[in-house]
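The structure appears right after this line, and notes come after that.
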Amino acid sequence: MLFEPYDLRGLPLKNRMVMAPMTRNRATAEHVPTPIMVTYYAERADLGLLITEGTSPAPDGLGYARIPGLYSDEQVAAWKPVTAAVHAKGSKIFAQLMHTGRASNALNLPAGARVVGPMAVALPNPVYTDAQGLQPATMPHALTEDEVRVVVAEYAHSATKAIEAGFDGIELHAANGYLIEQFLNANHNQRTDAYGGSADARNRFALEVATATAGAIGPERVGIRLSPYGTFNDMGAFVGIDEQFVALAKGLSDLRLVHLHLVDHASMGSPNAPASLRAQLRTTFNGTFIASGGFDCAKAEAILASHDADLVAFGRLALANPDLVTRLQHDAPLNAPDVATFYTPGEKGYTDYPALSA
């Protein structure tokens, strides 16, 4: 099944393999995509659907060094060769919209931008900066209700820019401890207004962003990534987490979002969501279900055969093997990922992984 075509609500995919979104830090210091990013994505366009690295919908969300944005005309122009190159190879591509929220250092932000979040509580982990190396995360400004609505509008604006740049859709990054999950997680979100204090209130920001982006470009072009039980960026489980995420999945399904991308962090050493929750999310969300996290070919085929997922995302395997589909089809040896170059600038560890024909 893995190599069979799939209809993503009218968007034809040539196989059921997805390139997982992976931060690679190869944009310019001003957060504009670079020519080597065109090569990188085009090389991996043997997968049916590519999801880009986390891409900020606004200046405030550019908390990491050299991550791209998608809100200015300059960024749109730089993304267009990427989408054109992927389409030329018969694949589809979604932009993942990732606002870092409090997972940020002000040294990484452009002039006039600020670190924001649901609460004025700093991320306990340091953040890398090109200017001064590892630095403590900057204390975020706690967004007011009016400011939250501005951020929602920024996501919608970015979604329209994504379509202008030639993307087939967007994925909202509501996982890994970034802004949307900062609102979702009761361990961090201690607000007592409309955006905190109950499961429904904590879900509100995610649902408002989903509503706004779906309204801007159509729900068939909007997916979302979730990581309940993930511990990255100081997240983690909390009382009532299963019920809250099932309610969130119901709300997203009612909006007719095109996909729910569920991250399994067990392969990275974090707790995995219980099988019962994964099953509930699968049955609650009436759209395409993408499984992600540590899959090889056999595991991918198994989860598709069991109908517990419709598509399977590959991260490090896709990073290190630009011809991953061909290698899996022929049971060929796989390149090992070079961890030391995951986030460094330049072509090394980015566009120099060999293909079988090389």
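Chain lettering (A, B, ...) mirrors the order of the structure tokens, residue numbering begins at 1 for each chain separately, and ligand numbering begins at 1 in order of display.
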
Check your understanding: If you run DSSP on this backbone, which residues of range 117-331 of chain A come out as helix (DSSP H, G or I), and could you give them as a PyMOL selection string?
Key -> chain A and resi 145-164+179-184+199-217+219-221+232-234+241-254+266-268+275-284+297-305+316-320+324-329

Produce a table with one row for each residue of range 136-224 of chain A that has an atom at most 10 Å from any atom of range 273-291 of chain A, each row naming the nearest atom pair and its distance in Å at one decimal; use only C-alpha atoms; arrange rows by chain and rising residue number; format as a Markdown table.
```
| residue | atom | partner | partner_atom | distance |
| --- | --- | --- | --- | --- |
| A:Glu220 | CA | A:Gly287 | CA | 9.5 |
| A:Gly223 | CA | A:Thr288 | CA | 8.9 |
| A:Ile224 | CA | A:Ile290 | CA | 9.8 |
```

Review point. Near Ile217 in chain A, counting only C-alpha atoms, which residues have an atom at most 12 Å away, once you skip same-chain residues fewer than 4 positions from it, shown as a list in words?
Key: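 Counting only the stated atoms, we get Tyr155, Ala156, His157, Ser158, Ala159, Thr160, Lys161, Ala162, Ile163, Glu164, Phe167, Asp168, Gly169, Ile170, Ala210, Thr211, Ala212, Thr213, Arg221, Val222, Gly223, Leu257 and Val258 of chain A.
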
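Closest approach to Met17 in chain A among A:Pro118, A:Gly197, A:Gly48, A:Pro35 is made by A:Gly48 (distances from only C-alpha atoms).
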
Exercise for review: May I have the residues within 7 Å of Asn187 in chain A as a ChimeraX atom specification, using only C-alpha atoms and disregarding those fewer than 2 positions away in the same chain?
Suggested key: /A:185,189,238

Check your understanding: Which is closer to Thr344 in chain A than all the others in A:Met1, A:Leu49, A:Leu134, A:Ala27, using only C-alpha atoms?
Key -> A:Ala27

Review point. How many Å separate CA of Gly63 in chain A from CA of Ala137 in chain A?
Key: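 That distance, rounded to one decimal, is 9.3 Å.
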